[in-house]
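Undergrad: Sending over coords24.cif (mmCIF, C-alpha atoms, pLDDT in the B column; chains and numbers go by the auth columns).
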data_run
#
loop_
_atom_site.group_PDB
_atom_site.id
_atom_site.type_symbol
_atom_site.label_atom_id
_atom_site.label_comp_id
_atom_site.label_asym_id
_atom_site.label_seq_id
_atom_site.Cartn_x
_atom_site.Cartn_y
_atom_site.Cartn_z
_atom_site.B_iso_or_equiv
_atom_site.auth_seq_id
_atom_site.auth_asym_id
ATOM 1 C CA MET A 1 -144.287 -53.219 -11.638 62.00 295 A
ATOM 2 C CA LYS A 2 -141.222 -53.614 -13.827 66.00 296 A
ATOM 3 C CA THR A 3 -140.257 -50.530 -15.803 64.00 297 A
ATOM 4 C CA THR A 4 -139.442 -51.398 -19.394 62.00 298 A
ATOM 5 C CA THR A 5 -137.078 -49.511 -21.654 58.00 299 A
ATOM 6 C CA ARG A 6 -139.520 -49.792 -24.540 60.00 300 A
ATOM 7 C CA PRO A 7 -141.051 -46.330 -25.007 56.00 301 A
ATOM 8 C CA THR A 8 -144.778 -45.864 -25.509 57.00 302 A
ATOM 9 C CA ALA A 9 -144.577 -42.999 -27.974 54.00 303 A
ATOM 10 C CA VAL A 10 -142.342 -41.493 -30.597 56.00 304 A
ATOM 11 C CA CYS A 11 -139.829 -38.857 -29.602 65.00 305 A
ATOM 12 C CA ASP A 12 -139.302 -35.722 -31.657 68.00 306 A
ATOM 13 C CA LEU A 13 -135.694 -35.331 -30.547 73.00 307 A
ATOM 14 C CA PRO A 14 -132.650 -37.426 -31.336 76.00 308 A
ATOM 15 C CA PRO A 15 -131.162 -39.532 -28.545 81.00 309 A
ATOM 16 C CA PRO A 16 -128.262 -37.966 -26.664 85.00 310 A
ATOM 17 C CA THR A 17 -124.784 -38.178 -28.136 88.00 311 A
ATOM 18 C CA ARG A 18 -122.232 -40.355 -26.335 93.00 312 A
ATOM 19 C CA GLU A 19 -120.782 -37.215 -24.776 92.00 313 A
ATOM 20 C CA GLU A 20 -124.205 -36.000 -23.586 89.00 314 A
ATOM 21 C CA TYR A 21 -125.021 -39.471 -22.241 93.00 315 A
ATOM 22 C CA ARG A 22 -121.739 -39.637 -20.272 95.00 316 A
ATOM 23 C CA ALA A 23 -122.353 -36.151 -18.858 93.00 317 A
ATOM 24 C CA ARG A 24 -125.864 -37.130 -17.725 93.00 318 A
ATOM 25 C CA LEU A 25 -124.554 -40.372 -16.244 96.00 319 A
ATOM 26 C CA GLU A 26 -121.931 -38.480 -14.226 96.00 320 A
ATOM 27 C CA HIS A 27 -124.550 -35.959 -13.110 95.00 321 A
ATOM 28 C CA VAL A 28 -126.821 -38.744 -11.824 96.00 322 A
ATOM 29 C CA ARG A 29 -123.857 -40.489 -10.182 96.00 323 A
ATOM 30 C CA ARG A 30 -122.971 -37.287 -8.290 95.00 324 A
ATOM 31 C CA ASN A 31 -126.429 -35.855 -7.621 95.00 325 A
ATOM 32 C CA GLY A 32 -128.877 -38.729 -7.837 94.00 326 A
ATOM 33 C CA GLN A 33 -132.018 -38.868 -9.931 95.00 327 A
ATOM 34 C CA GLN A 34 -133.501 -35.368 -10.142 93.00 328 A
ATOM 35 C CA HIS A 35 -136.649 -36.119 -12.191 92.00 329 A
ATOM 36 C CA ASP A 36 -139.166 -38.942 -12.106 95.00 330 A
ATOM 37 C CA ILE A 37 -139.362 -41.284 -15.066 95.00 331 A
ATOM 38 C CA CYS A 38 -142.892 -41.072 -16.475 95.00 332 A
ATOM 39 C CA VAL A 39 -144.449 -44.475 -17.172 94.00 333 A
ATOM 40 C CA ASN A 40 -147.867 -45.772 -18.122 93.00 334 A
ATOM 41 C CA GLU A 41 -149.868 -48.275 -16.090 93.00 335 A
ATOM 42 C CA ARG A 42 -147.929 -51.149 -17.707 91.00 336 A
ATOM 43 C CA GLY A 43 -144.530 -49.713 -16.785 91.00 337 A
ATOM 44 C CA ARG A 44 -143.650 -48.577 -20.307 92.00 338 A
ATOM 45 C CA VAL A 45 -141.687 -45.334 -20.444 93.00 339 A
ATOM 46 C CA ILE A 46 -143.513 -42.238 -21.619 93.00 340 A
ATOM 47 C CA ASP A 47 -140.596 -39.907 -20.827 92.00 341 A
ATOM 48 C CA GLY A 48 -137.197 -40.562 -19.265 92.00 342 A
ATOM 49 C CA LEU A 49 -135.827 -43.440 -21.316 91.00 343 A
ATOM 50 C CA THR A 50 -132.247 -42.163 -21.101 92.00 344 A
ATOM 51 C CA LEU A 51 -132.578 -41.620 -17.364 94.00 345 A
ATOM 52 C CA LEU A 52 -133.881 -45.184 -16.956 94.00 346 A
ATOM 53 C CA LYS A 53 -130.915 -46.575 -18.876 94.00 347 A
ATOM 54 C CA ILE A 54 -128.545 -44.517 -16.723 96.00 348 A
ATOM 55 C CA ALA A 55 -130.187 -45.643 -13.480 95.00 349 A
ATOM 56 C CA ASN A 56 -129.994 -49.260 -14.586 94.00 350 A
ATOM 57 C CA SER A 57 -126.321 -48.922 -15.539 95.00 351 A
ATOM 58 C CA LEU A 58 -125.523 -47.379 -12.136 96.00 352 A
ATOM 59 C CA GLY A 59 -127.557 -49.976 -10.229 95.00 353 A
ATOM 60 C CA ILE A 60 -129.941 -47.313 -8.930 93.00 354 A
ATOM 61 C CA ARG A 61 -133.594 -48.203 -8.466 94.00 355 A
ATOM 62 C CA PRO A 62 -135.310 -45.646 -10.716 94.00 356 A
ATOM 63 C CA ARG A 63 -137.992 -43.394 -9.279 95.00 357 A
ATOM 64 C CA THR A 64 -141.089 -43.392 -11.479 96.00 358 A
ATOM 65 C CA ARG A 65 -144.398 -41.606 -11.705 96.00 359 A
ATOM 66 C CA VAL A 66 -147.302 -43.584 -13.160 96.00 360 A
ATOM 67 C CA TYR A 67 -149.745 -41.902 -15.548 96.00 361 A
ATOM 68 C CA ARG A 68 -152.915 -43.929 -15.945 96.00 362 A
ATOM 69 C CA GLY A 69 -155.551 -43.790 -18.650 95.00 363 A
ATOM 70 C CA LEU A 70 -153.802 -41.430 -21.044 94.00 364 A
ATOM 71 C CA ALA A 71 -154.591 -41.696 -24.736 94.00 365 A
ATOM 72 C CA GLU A 72 -151.560 -42.066 -27.026 91.00 366 A
ATOM 73 C CA ALA A 73 -151.845 -38.432 -28.169 91.00 367 A
ATOM 74 C CA ASP A 74 -151.849 -37.297 -24.534 93.00 368 A
ATOM 75 C CA LYS A 75 -148.737 -39.390 -23.791 93.00 369 A
ATOM 76 C CA ARG A 76 -146.925 -37.773 -26.690 91.00 370 A
ATOM 77 C CA ALA A 77 -148.089 -34.309 -25.575 93.00 371 A
ATOM 78 C CA LEU A 78 -146.813 -35.041 -22.054 94.00 372 A
ATOM 79 C CA ARG A 79 -143.425 -36.151 -23.384 92.00 373 A
ATOM 80 C CA ARG A 80 -143.166 -33.086 -25.592 93.00 374 A
ATOM 81 C CA SER A 81 -144.149 -30.673 -22.796 93.00 375 A
ATOM 82 C CA LEU A 82 -141.583 -32.151 -20.419 92.00 376 A
ATOM 83 C CA ASN A 83 -138.833 -31.908 -23.027 88.00 377 A
ATOM 84 C CA LEU A 84 -139.764 -28.312 -23.844 91.00 378 A
ATOM 85 C CA ALA A 85 -139.656 -27.396 -20.151 90.00 379 A
ATOM 86 C CA ARG A 86 -136.546 -29.346 -19.165 85.00 380 A
ATOM 87 C CA ARG A 87 -134.137 -29.253 -22.081 81.00 381 A
ATOM 88 C CA THR A 88 -132.134 -26.499 -23.708 82.00 382 A
ATOM 89 C CA LEU A 89 -133.384 -26.618 -27.290 85.00 383 A
ATOM 90 C CA THR A 90 -132.564 -24.811 -30.473 88.00 384 A
ATOM 91 C CA THR A 91 -135.350 -22.901 -32.204 92.00 385 A
ATOM 92 C CA ASP A 92 -135.515 -25.654 -34.832 91.00 386 A
ATOM 93 C CA GLN A 93 -135.852 -28.373 -32.169 89.00 387 A
ATOM 94 C CA ARG A 94 -138.581 -26.415 -30.369 91.00 388 A
ATOM 95 C CA GLN A 95 -140.461 -25.889 -33.628 93.00 389 A
ATOM 96 C CA SER A 96 -140.037 -29.577 -34.471 92.00 390 A
ATOM 97 C CA ILE A 97 -141.655 -30.585 -31.189 92.00 391 A
ATOM 98 C CA ILE A 98 -144.573 -28.207 -31.686 95.00 392 A
ATOM 99 C CA GLY A 99 -144.864 -29.294 -35.338 95.00 393 A
ATOM 100 C CA GLY A 100 -144.948 -32.923 -34.239 93.00 394 A
ATOM 101 C CA GLN A 101 -147.855 -32.132 -31.952 94.00 395 A
ATOM 102 C CA LEU A 102 -149.650 -30.264 -34.750 96.00 396 A
ATOM 103 C CA SER A 103 -149.235 -33.298 -37.023 94.00 397 A
ATOM 104 C CA ASP A 104 -150.284 -35.661 -34.247 93.00 398 A
ATOM 105 C CA THR A 105 -153.386 -33.724 -33.178 95.00 399 A
ATOM 106 C CA PRO A 106 -154.401 -31.437 -36.084 95.00 400 A
ATOM 107 C CA ARG A 107 -157.941 -31.008 -34.748 96.00 401 A
ATOM 108 C CA TRP A 108 -156.767 -29.657 -31.407 96.00 402 A
ATOM 109 C CA SER A 109 -157.006 -25.867 -31.147 97.00 403 A
ATOM 110 C CA ASP A 110 -153.887 -23.737 -30.890 97.00 404 A
ATOM 111 C CA ALA A 111 -154.875 -22.971 -27.300 96.00 405 A
ATOM 112 C CA ARG A 112 -155.221 -26.658 -26.402 96.00 406 A
ATOM 113 C CA ILE A 113 -151.854 -27.521 -27.953 96.00 407 A
ATOM 114 C CA GLY A 114 -150.253 -24.515 -26.289 95.00 408 A
ATOM 115 C CA GLN A 115 -151.675 -25.548 -22.924 94.00 409 A
ATOM 116 C CA ALA A 116 -150.619 -29.184 -23.380 94.00 410 A
ATOM 117 C CA LEU A 117 -147.055 -28.204 -24.339 94.00 411 A
ATOM 118 C CA GLY A 118 -146.649 -25.171 -22.109 93.00 412 A
ATOM 119 C CA VAL A 119 -146.076 -22.794 -25.028 94.00 413 A
ATOM 120 C CA PRO A 120 -147.997 -19.710 -26.167 95.00 414 A
ATOM 121 C CA ALA A 121 -150.981 -20.481 -28.406 96.00 415 A
ATOM 122 C CA ARG A 122 -149.828 -17.754 -30.808 96.00 416 A
ATOM 123 C CA GLU A 123 -146.557 -19.670 -31.330 96.00 417 A
ATOM 124 C CA VAL A 124 -148.572 -22.749 -32.230 97.00 418 A
ATOM 125 C CA GLY A 125 -150.727 -20.653 -34.566 97.00 419 A
ATOM 126 C CA ARG A 126 -147.682 -19.229 -36.365 96.00 420 A
ATOM 127 C CA LEU A 127 -146.343 -22.719 -36.977 95.00 421 A
ATOM 128 C CA ARG A 128 -149.740 -23.999 -38.074 95.00 422 A
ATOM 129 C CA ALA A 129 -150.032 -21.149 -40.579 95.00 423 A
ATOM 130 C CA GLY A 130 -146.623 -22.053 -41.970 86.00 424 A
#
Turn the structure described in the file into structure tokens.

TA:
Amino acid sequence: MKTTTRPTAVCDLPPPTREEYRARLEHVRRNGQQHDICVNERGRVIDGLTLLKIANSLGIRPRTRVYRGLAEADKRALRRSLNLARRTLTTDQRQSIIGGQLSDTPRWSDARIGQALGVPAREVGRLRAG
């Protein structure tokens, strides 16, 4: 399966700056790929687009993990949860990710969103309440 750089879902965070991209590229060059690139059954990236671009630019065969049968909302929740767990985010960025999930899945309970994103349900509830 060929992994494509076309993402399957929207991202709530801006792409890395040139400086951040270069730092990540150097990190992968020195240490190798530390995280799997998450793809759907068609090879489209769910999470890890920057890492895929870096691997391709370095001539490294990217390591992927295939997620099958996920609904679009579940793909976006997966991407958001991985970014919340992996990245150093400002409070505004964290709230933006949770707010994106609330907009995406307004009928999901606070507990379900919290579980999907790996955040406390009460944090989701505070953002939902405004």

Undergrad: Would you mind listing what lies within 12 Å of Gln389 (chain A) as a ChimeraX atom specification, with only C-alpha atoms counted and same-chain residues fewer than 3 positions away left out?

TA: /A:306-307,374,378,383-386,392-397,411,413,417-422,424

Undergrad: Please enumerate the residues selected by the PyMOL selection byres ((chain A and resi 331-335) around 9) when evaluated against the supplied file, formatted as a list in words.

TA: Met295, Thr297, Thr298, Pro301, Thr302, His329, Asp330, Arg336, Gly337, Arg338, Val339, Ile340, Asp341, Gly342, Leu343, Leu345, Leu346, Pro356, Arg357, Thr358, Arg359, Val360, Tyr361, Arg362, Gly363, Leu364, Lys369 and Arg373 of chain A

Undergrad: Export, as a short mmCIF file (atom, residue, chain, number, x, y, z; two decimals), keeping the file's coordinate frame, the selected residues with C-alpha atoms.

TA:
data_model
loop_
_atom_site.label_atom_id
_atom_site.label_comp_id
_atom_site.auth_asym_id
_atom_site.auth_seq_id
_atom_site.Cartn_x
_atom_site.Cartn_y
_atom_site.Cartn_z
CA MET A 295 -144.29 -53.22 -11.64
CA THR A 297 -140.26 -50.53 -15.80
CA THR A 298 -139.44 -51.40 -19.39
CA PRO A 301 -141.05 -46.33 -25.01
CA THR A 302 -144.78 -45.86 -25.51
CA HIS A 329 -136.65 -36.12 -12.19
CA ASP A 330 -139.17 -38.94 -12.11
CA ARG A 336 -147.93 -51.15 -17.71
CA GLY A 337 -144.53 -49.71 -16.78
CA ARG A 338 -143.65 -48.58 -20.31
CA VAL A 339 -141.69 -45.33 -20.44
CA ILE A 340 -143.51 -42.24 -21.62
CA ASP A 341 -140.60 -39.91 -20.83
CA GLY A 342 -137.20 -40.56 -19.26
CA LEU A 343 -135.83 -43.44 -21.32
CA LEU A 345 -132.58 -41.62 -17.36
CA LEU A 346 -133.88 -45.18 -16.96
CA PRO A 356 -135.31 -45.65 -10.72
CA ARG A 357 -137.99 -43.39 -9.28
CA THR A 358 -141.09 -43.39 -11.48
CA ARG A 359 -144.40 -41.61 -11.70
CA VAL A 360 -147.30 -43.58 -13.16
CA TYR A 361 -149.74 -41.90 -15.55
CA ARG A 362 -152.92 -43.93 -15.94
CA GLY A 363 -155.55 -43.79 -18.65
CA LEU A 364 -153.80 -41.43 -21.04
CA LYS A 369 -148.74 -39.39 -23.79
CA ARG A 373 -143.43 -36.15 -23.38
#

Undergrad: Can you work out which one of A:Leu372, A:Ile348, A:Ala410, A:Ala415 has the shortest atom-to-atom distance to Ala317 (chain A), counting only C-alpha atoms?

TA: A:Ile348

Undergrad: Can you tell me how far CA of Arg381 (chain A) sits from CA of Ser351 (chain A), in Å to one decimal?

TA: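 For CA of Arg381 (chain A) relative to CA of Ser351 (chain A), the distance reads 22.2 Å.
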
Undergrad: When you draw a straight line from CA of Ile354 (chain A) to CA of Leu376 (chain A), how long is it in Å?

TA: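 Going from CA of Ile354 (chain A) over to CA of Leu376 (chain A), I get 22.3 Å.
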
Undergrad: For region 338-353 of chain A, where the input has fewer atoms than it should, I would like N, CA, C and O atoms rebuilt and written as a CSV table (one decimal), in the coordinates of the input.

TA:
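Written output follows (selection-v4.csv):
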chain,number,residue,atom,x,y,z
A,338,ARG,N,-144.4,-49.0,-19.1
A,338,ARG,CA,-143.6,-48.6,-20.3
A,338,ARG,C,-143.4,-47.1,-20.2
A,338,ARG,O,-144.2,-46.3,-19.8
A,339,VAL,N,-142.2,-46.7,-20.6
A,339,VAL,CA,-141.7,-45.3,-20.4
A,339,VAL,C,-142.4,-44.4,-21.4
A,339,VAL,O,-142.4,-44.6,-22.6
A,340,ILE,N,-143.0,-43.3,-20.8
A,340,ILE,CA,-143.5,-42.2,-21.6
A,340,ILE,C,-142.4,-41.2,-21.8
A,340,ILE,O,-142.2,-40.7,-22.9
A,341,ASP,N,-141.7,-40.9,-20.8
A,341,ASP,CA,-140.6,-39.9,-20.8
A,341,ASP,C,-139.6,-40.3,-19.8
A,341,ASP,O,-139.9,-40.7,-18.7
A,342,GLY,N,-138.3,-40.2,-20.2
A,342,GLY,CA,-137.2,-40.6,-19.3
A,342,GLY,C,-136.4,-41.8,-19.6
A,342,GLY,O,-135.8,-42.4,-18.8
A,343,LEU,N,-136.5,-42.2,-20.9
A,343,LEU,CA,-135.8,-43.4,-21.3
A,343,LEU,C,-134.3,-43.4,-21.0
A,343,LEU,O,-133.8,-44.4,-20.5
A,344,THR,N,-133.7,-42.3,-21.3
A,344,THR,CA,-132.2,-42.2,-21.1
A,344,THR,C,-132.0,-42.2,-19.6
A,344,THR,O,-131.0,-42.9,-19.2
A,345,LEU,N,-132.8,-41.6,-18.8
A,345,LEU,CA,-132.6,-41.6,-17.4
A,345,LEU,C,-132.7,-43.0,-16.8
A,345,LEU,O,-132.0,-43.5,-15.9
A,346,LEU,N,-133.7,-43.8,-17.4
A,346,LEU,CA,-133.9,-45.2,-17.0
A,346,LEU,C,-132.6,-46.0,-17.3
A,346,LEU,O,-132.2,-46.8,-16.5
A,347,LYS,N,-132.1,-45.8,-18.5
A,347,LYS,CA,-130.9,-46.6,-18.9
A,347,LYS,C,-129.7,-46.2,-18.0
A,347,LYS,O,-129.0,-47.1,-17.6
A,348,ILE,N,-129.6,-44.9,-17.6
A,348,ILE,CA,-128.5,-44.5,-16.7
A,348,ILE,C,-128.7,-45.1,-15.3
A,348,ILE,O,-127.8,-45.7,-14.7
A,349,ALA,N,-129.9,-45.1,-14.8
A,349,ALA,CA,-130.2,-45.6,-13.5
A,349,ALA,C,-129.9,-47.1,-13.5
A,349,ALA,O,-129.2,-47.6,-12.5
A,350,ASN,N,-130.3,-47.8,-14.5
A,350,ASN,CA,-130.0,-49.3,-14.6
A,350,ASN,C,-128.5,-49.5,-14.7
A,350,ASN,O,-128.0,-50.4,-14.0
A,351,SER,N,-127.8,-48.7,-15.4
A,351,SER,CA,-126.3,-48.9,-15.5
A,351,SER,C,-125.6,-48.6,-14.2
A,351,SER,O,-124.5,-49.2,-14.0
A,352,LEU,N,-126.1,-47.7,-13.4
A,352,LEU,CA,-125.5,-47.4,-12.1
A,352,LEU,C,-126.0,-48.3,-11.0
A,352,LEU,O,-125.6,-48.1,-9.9
A,353,GLY,N,-127.0,-49.1,-11.3
A,353,GLY,CA,-127.6,-50.0,-10.2
A,353,GLY,C,-128.5,-49.2,-9.3
A,353,GLY,O,-128.7,-49.7,-8.1
